[in-house]
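See structure below.
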Amino acid sequence: MMNVVDIQKIQPKISDFVSDPDQWGISLSGTGAVYRLERKFSELVGHSYALSVSSATSGLWAVFMALGIHNSDVITTPYTWGGSLSGLMLAGNRSVFVDIDRDTLTLNPKKVARSITPKTKAILAVDIYGHPCEANLLRKIADEYGLLLIQDCAQSFGAYFQGHHTGWYADASVFSLTVGKALFAGEGGMIVTKHQELYDRLVWQTQHPHRQMRDAPDMPINELAMNLRIHPLAAIWAEAYFDSAFACISVQQDKCFSTLEFLDEENLIQSKIPDKNKVKPSFYALTIEPRCEAHEIETILKENGWACMVCVPSITKPIYNHEAYISLSRPERFKQKRCPIAEVQCRDRVRIVFPKT
């Protein structure tokens, strides 16, 4: 799902930036569009602090570094894109995979609690395909065991769970602005948190000293900080499309819910329809567990007025079966338990794709 780029909408803003003699401040100090975009995310999620970064992948790494989570076990899902896990692994941690819920494809809270050990320091939940995880239950577990809750919201901009925008329950949530996302700005990411100490450390570790002096004045200047700043033009782009992105999400939600309701009435799917009173996925991708062959689903939908294509989703095997993961995790000598529900969903799920509008 991606907004069609309206050049006329952003061209004047880009021209203003290029001709602005103080443009360095937007990039190095996080002013202008960078500041305004961060405030929009802060208000959306309902937390005090938001920090723009170069990508969601780098943002997740920065969160683990700023939280000081190293050489620890992190409970997470095997049903996700590898970028969700690269940050925790690069920070020197071990992924402890827990099986997913069959319908939401996100971490099953009941199984999370059983996997906690003294080595566990955090839970990394992923809102896969734009469906929010059951963050309220994960929050209770994290609080009970003294763990941190980190949420990968890369695909769930515009999704809501129990009246809150996704990410609200987490200690830190990370969003993506890259290709295909509901809020697309070429590249970029956003970290949102309610903790000032975490925000200060994120600024100290990822931003230019100009911004460090302003936003984390009690910390010593860090000229060794990683340059993870968002590109200023990406911030300008994202700010320009922020509000209109929700209109596109609303259209996508209506289309996906009506499709699911039809398939359910025809008894063509095994997966349950999300409860609208509880959750509103952003539907980054619409996937189903069909009761028949994929081509039959496509034929029936087309015969009933849906212009669509049914194909294989992007996730076709659990992360722990990827060669790169096996290679990178081998030095850890870390034995991995199978996650049978995730494996079945990798095998049986299909994706319904609508034409771009």
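The way I read the labels, and the way they are meant: chains A, B, ... in the order of the structure tokens, residue 1 as the first residue of every chain, and ligand 1 as the first ligand shown, with later ones counted on from there.
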
Taking the DSSP assignment computed from this structure's backbone, write out as a VMD selection string all residues of stretch 19-102 of chain A that belong to strand (DSSP E or B).
chain A and resid 49 to 53 73 to 76 94 to 97 100

Please, could you write that set of residues out with all heavy atoms as a CSV table (one decimal), in the first residue's frame?
```csv
chain,number,residue,atom,x,y,z
A,49,TYR,N,7.7,11.8,23.4
A,49,TYR,CA,9.0,11.9,22.6
A,49,TYR,C,8.9,11.1,21.3
A,49,TYR,O,8.5,9.9,21.3
A,49,TYR,CB,10.1,11.4,23.5
A,49,TYR,CG,10.2,12.1,24.8
A,49,TYR,CD1,9.7,11.5,26.0
A,49,TYR,CD2,10.8,13.3,24.9
A,49,TYR,CE1,9.7,12.1,27.2
A,49,TYR,CE2,10.8,14.0,26.2
A,49,TYR,CZ,10.3,13.4,27.3
A,49,TYR,OH,10.3,14.0,28.5
A,50,ALA,N,9.4,11.7,20.3
A,50,ALA,CA,9.6,11.0,19.0
A,50,ALA,C,10.9,11.5,18.4
A,50,ALA,O,11.3,12.7,18.4
A,50,ALA,CB,8.4,11.4,18.1
A,51,LEU,N,11.6,10.5,17.7
A,51,LEU,CA,12.9,10.9,17.1
A,51,LEU,C,13.0,10.2,15.8
A,51,LEU,O,12.8,9.0,15.6
A,51,LEU,CB,14.0,10.3,18.0
A,51,LEU,CG,15.4,10.6,17.5
A,51,LEU,CD1,15.7,12.1,17.6
A,51,LEU,CD2,16.5,9.8,18.3
A,52,SER,N,13.2,11.0,14.7
A,52,SER,CA,13.3,10.5,13.4
A,52,SER,C,14.7,10.0,13.1
A,52,SER,O,15.7,10.5,13.6
A,52,SER,CB,13.0,11.7,12.4
A,52,SER,OG,13.7,12.8,12.6
A,53,VAL,N,14.7,8.9,12.4
A,53,VAL,CA,16.0,8.2,12.0
A,53,VAL,C,16.0,7.9,10.6
A,53,VAL,O,15.0,8.1,9.8
A,53,VAL,CB,16.2,7.0,12.9
A,53,VAL,CG1,16.6,7.4,14.3
A,53,VAL,CG2,15.0,6.1,12.9
A,73,ASP,N,18.6,-12.5,26.2
A,73,ASP,CA,17.6,-13.1,25.4
A,73,ASP,C,16.4,-12.1,25.2
A,73,ASP,O,16.0,-11.4,26.1
A,73,ASP,CB,17.0,-14.3,26.2
A,73,ASP,CG,18.0,-15.5,26.3
A,73,ASP,OD1,19.1,-15.4,25.6
A,73,ASP,OD2,17.7,-16.5,26.9
A,74,VAL,N,16.0,-12.1,23.9
A,74,VAL,CA,14.9,-11.2,23.5
A,74,VAL,C,13.8,-12.1,22.9
A,74,VAL,O,14.0,-12.8,21.9
A,74,VAL,CB,15.3,-10.1,22.6
A,74,VAL,CG1,14.1,-9.3,22.1
A,74,VAL,CG2,16.4,-9.2,23.2
A,75,ILE,N,12.6,-12.1,23.5
A,75,ILE,CA,11.5,-12.9,23.0
A,75,ILE,C,10.9,-12.2,21.8
A,75,ILE,O,10.6,-11.0,21.9
A,75,ILE,CB,10.4,-13.1,24.1
A,75,ILE,CG1,11.0,-14.1,25.2
A,75,ILE,CG2,9.2,-13.7,23.5
A,75,ILE,CD1,10.1,-14.3,26.3
A,76,THR,N,10.7,-12.9,20.7
A,76,THR,CA,10.2,-12.3,19.5
A,76,THR,C,9.5,-13.3,18.6
A,76,THR,O,9.4,-14.5,19.0
A,76,THR,CB,11.3,-11.6,18.7
A,76,THR,OG1,10.8,-10.8,17.7
A,76,THR,CG2,12.3,-12.6,18.1
A,94,ARG,N,20.3,-12.6,21.7
A,94,ARG,CA,19.8,-13.8,21.1
A,94,ARG,C,18.3,-13.7,20.9
A,94,ARG,O,17.6,-13.3,21.9
A,94,ARG,CB,20.1,-15.0,22.0
A,94,ARG,CG,21.6,-15.3,22.2
A,94,ARG,CD,21.9,-16.3,23.2
A,94,ARG,NE,21.6,-15.9,24.5
A,94,ARG,CZ,22.4,-15.1,25.3
A,94,ARG,NH1,23.6,-14.7,24.8
A,94,ARG,NH2,22.0,-14.7,26.5
A,95,SER,N,17.8,-14.2,19.8
A,95,SER,CA,16.4,-14.2,19.5
A,95,SER,C,15.8,-15.5,20.1
A,95,SER,O,16.2,-16.6,19.8
A,95,SER,CB,16.1,-14.2,18.0
A,95,SER,OG,16.7,-13.1,17.4
A,96,VAL,N,14.8,-15.3,21.0
A,96,VAL,CA,14.0,-16.5,21.5
A,96,VAL,C,12.7,-16.5,20.8
A,96,VAL,O,11.8,-15.6,21.1
A,96,VAL,CB,13.9,-16.4,23.0
A,96,VAL,CG1,13.0,-17.6,23.5
A,96,VAL,CG2,15.2,-16.4,23.7
A,97,PHE,N,12.5,-17.3,19.9
A,97,PHE,CA,11.2,-17.3,19.1
A,97,PHE,C,10.1,-18.0,19.8
A,97,PHE,O,10.2,-19.1,20.3
A,97,PHE,CB,11.5,-18.0,17.7
A,97,PHE,CG,12.4,-17.2,16.8
A,97,PHE,CD1,13.7,-17.8,16.5
A,97,PHE,CD2,12.1,-16.0,16.3
A,97,PHE,CE1,14.6,-17.1,15.7
A,97,PHE,CE2,13.0,-15.3,15.5
A,97,PHE,CZ,14.2,-15.9,15.2
A,100,ILE,N,3.1,-17.8,17.2
A,100,ILE,CA,2.2,-16.7,16.9
A,100,ILE,C,0.7,-17.2,17.1
A,100,ILE,O,0.4,-18.3,17.2
A,100,ILE,CB,2.4,-16.2,15.5
A,100,ILE,CG1,2.1,-17.3,14.4
A,100,ILE,CG2,3.8,-15.6,15.3
A,100,ILE,CD1,2.2,-16.9,13.0
```

For stretch 145-162 of chain A: contacts at 7 Å, only C-alpha atoms, fewer than 6 positions along chain excluded, given as a PyMOL selection string:
chain A and resi 56+84+121-132+139+170-176+181-182+246+249+278-282+284

From the set A:Leu228, A:Leu268, A:Leu37, A:Ile300, which residue has the shortest atom-to-atom contact distance to A:Val63, counting only C-alpha atoms?
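Using only C-alpha atoms, the shortest distance to A:Val63 belongs to A:Leu228.
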
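Minimum atom-to-atom distance to A:Val18, evaluated using only C-alpha atoms, belongs to A:Ile236 out of A:Leu137, A:Ile236, A:Pro78, A:Gly188.
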
May I have the residues within 10 Å of A:Pro355 as a PyMOL selection string, using only C-alpha atoms and disregarding those fewer than 5 positions away in the same chain?
chain A and resi 1+306-309

Name the residues in contact with A:Phe41 at a cut-off of 9 Å, using only C-alpha atoms, excluding same-chain residues fewer than 2 positions from it; report them as a short mmCIF file (atom, residue, chain, number, x, y, z; two decimals) with all heavy atoms, in the first residue's frame.
```
data_model
loop_
_atom_site.label_atom_id
_atom_site.label_comp_id
_atom_site.auth_asym_id
_atom_site.auth_seq_id
_atom_site.Cartn_x
_atom_site.Cartn_y
_atom_site.Cartn_z
N ARG A 36 8.50 19.09 13.15
CA ARG A 36 7.04 19.01 13.00
C ARG A 36 6.59 17.57 12.77
O ARG A 36 5.55 17.14 13.29
CB ARG A 36 6.57 19.92 11.87
CG ARG A 36 6.77 21.41 12.16
CD ARG A 36 6.06 22.28 11.13
NE ARG A 36 6.60 22.09 9.78
CZ ARG A 36 7.58 22.80 9.27
NH1 ARG A 36 8.18 23.75 9.99
NH2 ARG A 36 8.00 22.59 8.03
N LEU A 37 7.36 16.82 11.98
CA LEU A 37 7.02 15.41 11.75
C LEU A 37 7.10 14.62 13.05
O LEU A 37 6.23 13.77 13.33
CB LEU A 37 7.97 14.81 10.70
CG LEU A 37 7.73 13.34 10.35
CD1 LEU A 37 6.36 13.15 9.71
CD2 LEU A 37 8.83 12.82 9.41
N GLU A 38 8.12 14.87 13.83
CA GLU A 38 8.25 14.18 15.11
C GLU A 38 7.08 14.50 16.04
O GLU A 38 6.57 13.63 16.75
CB GLU A 38 9.58 14.54 15.77
CG GLU A 38 10.78 13.96 15.03
CD GLU A 38 12.11 14.44 15.55
OE1 GLU A 38 12.14 15.42 16.34
OE2 GLU A 38 13.14 13.85 15.17
N ARG A 39 6.65 15.76 16.04
CA ARG A 39 5.49 16.13 16.88
C ARG A 39 4.23 15.42 16.41
O ARG A 39 3.38 15.03 17.23
CB ARG A 39 5.27 17.66 16.84
CG ARG A 39 6.33 18.49 17.55
CD ARG A 39 6.52 18.07 19.00
NE ARG A 39 7.55 17.06 19.14
CZ ARG A 39 7.61 16.14 20.10
NH1 ARG A 39 6.66 16.08 21.01
NH2 ARG A 39 8.58 15.27 20.15
N GLU A 43 2.09 12.97 18.90
CA GLU A 43 0.66 13.16 19.16
C GLU A 43 -0.16 11.96 18.70
O GLU A 43 -1.14 11.59 19.34
CB GLU A 43 0.18 14.44 18.46
CG GLU A 43 0.79 15.71 19.04
CD GLU A 43 0.53 16.93 18.18
OE1 GLU A 43 -0.21 16.79 17.17
OE2 GLU A 43 1.07 18.01 18.49
N LEU A 44 0.23 11.36 17.59
CA LEU A 44 -0.50 10.21 17.07
C LEU A 44 -0.47 9.03 18.04
O LEU A 44 -1.50 8.44 18.35
CB LEU A 44 0.10 9.78 15.72
CG LEU A 44 -0.51 8.55 15.06
CD1 LEU A 44 -1.94 8.85 14.61
CD2 LEU A 44 0.34 8.10 13.87
N VAL A 45 0.72 8.70 18.53
CA VAL A 45 0.86 7.55 19.42
C VAL A 45 0.44 7.90 20.84
O VAL A 45 -0.02 7.05 21.60
CB VAL A 45 2.32 7.02 19.39
CG1 VAL A 45 2.49 5.85 20.34
CG2 VAL A 45 2.69 6.60 17.97
N GLY A 46 0.58 9.16 21.22
CA GLY A 46 0.18 9.58 22.55
C GLY A 46 1.30 9.56 23.56
O GLY A 46 1.06 9.42 24.77
N HIS A 47 2.54 9.71 23.09
CA HIS A 47 3.70 9.76 23.98
C HIS A 47 4.47 11.05 23.76
O HIS A 47 4.35 11.69 22.71
CB HIS A 47 4.60 8.55 23.78
CG HIS A 47 4.00 7.27 24.28
ND1 HIS A 47 3.24 7.20 25.42
CD2 HIS A 47 4.03 5.99 23.79
CE1 HIS A 47 2.84 5.97 25.62
NE2 HIS A 47 3.30 5.22 24.64
N TYR A 49 7.72 11.75 23.37
CA TYR A 49 8.98 11.86 22.64
C TYR A 49 8.94 11.06 21.34
O TYR A 49 8.49 9.91 21.30
CB TYR A 49 10.14 11.36 23.51
CG TYR A 49 10.21 12.06 24.84
CD1 TYR A 49 9.69 11.47 25.99
CD2 TYR A 49 10.75 13.34 24.94
CE1 TYR A 49 9.73 12.12 27.22
CE2 TYR A 49 10.79 14.00 26.16
CZ TYR A 49 10.28 13.38 27.29
OH TYR A 49 10.32 14.04 28.50
N ALA A 50 9.44 11.69 20.28
CA ALA A 50 9.58 11.02 18.99
C ALA A 50 10.89 11.48 18.36
O ALA A 50 11.25 12.66 18.45
CB ALA A 50 8.41 11.36 18.07
N LEU A 51 11.58 10.55 17.75
CA LEU A 51 12.89 10.86 17.15
C LEU A 51 12.96 10.23 15.76
O LEU A 51 12.83 9.00 15.61
CB LEU A 51 14.02 10.31 18.02
CG LEU A 51 15.44 10.61 17.53
CD1 LEU A 51 15.73 12.10 17.63
CD2 LEU A 51 16.47 9.81 18.32
N MET A 190 10.89 6.29 12.42
CA MET A 190 10.53 7.12 13.58
C MET A 190 10.47 6.24 14.82
O MET A 190 9.88 5.15 14.81
CB MET A 190 9.18 7.79 13.36
CG MET A 190 8.81 8.80 14.42
SD MET A 190 9.84 10.30 14.38
CE MET A 190 9.38 11.00 12.78
N ILE A 191 11.12 6.71 15.89
CA ILE A 191 11.06 6.04 17.18
C ILE A 191 10.19 6.88 18.09
O ILE A 191 10.37 8.10 18.19
CB ILE A 191 12.47 5.91 17.82
CG1 ILE A 191 13.44 5.22 16.85
CG2 ILE A 191 12.39 5.15 19.14
CD1 ILE A 191 14.90 5.30 17.30
N VAL A 192 9.24 6.24 18.78
CA VAL A 192 8.35 6.95 19.70
C VAL A 192 8.47 6.30 21.08
O VAL A 192 8.48 5.07 21.19
CB VAL A 192 6.89 6.90 19.22
CG1 VAL A 192 5.99 7.67 20.19
CG2 VAL A 192 6.75 7.49 17.82
#
```

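If you measure from each of A:Glu187, A:Glu343, A:Glu303, A:Glu265 to A:Ser54 using only C-alpha atoms, the closest one turns out to be A:Glu187.
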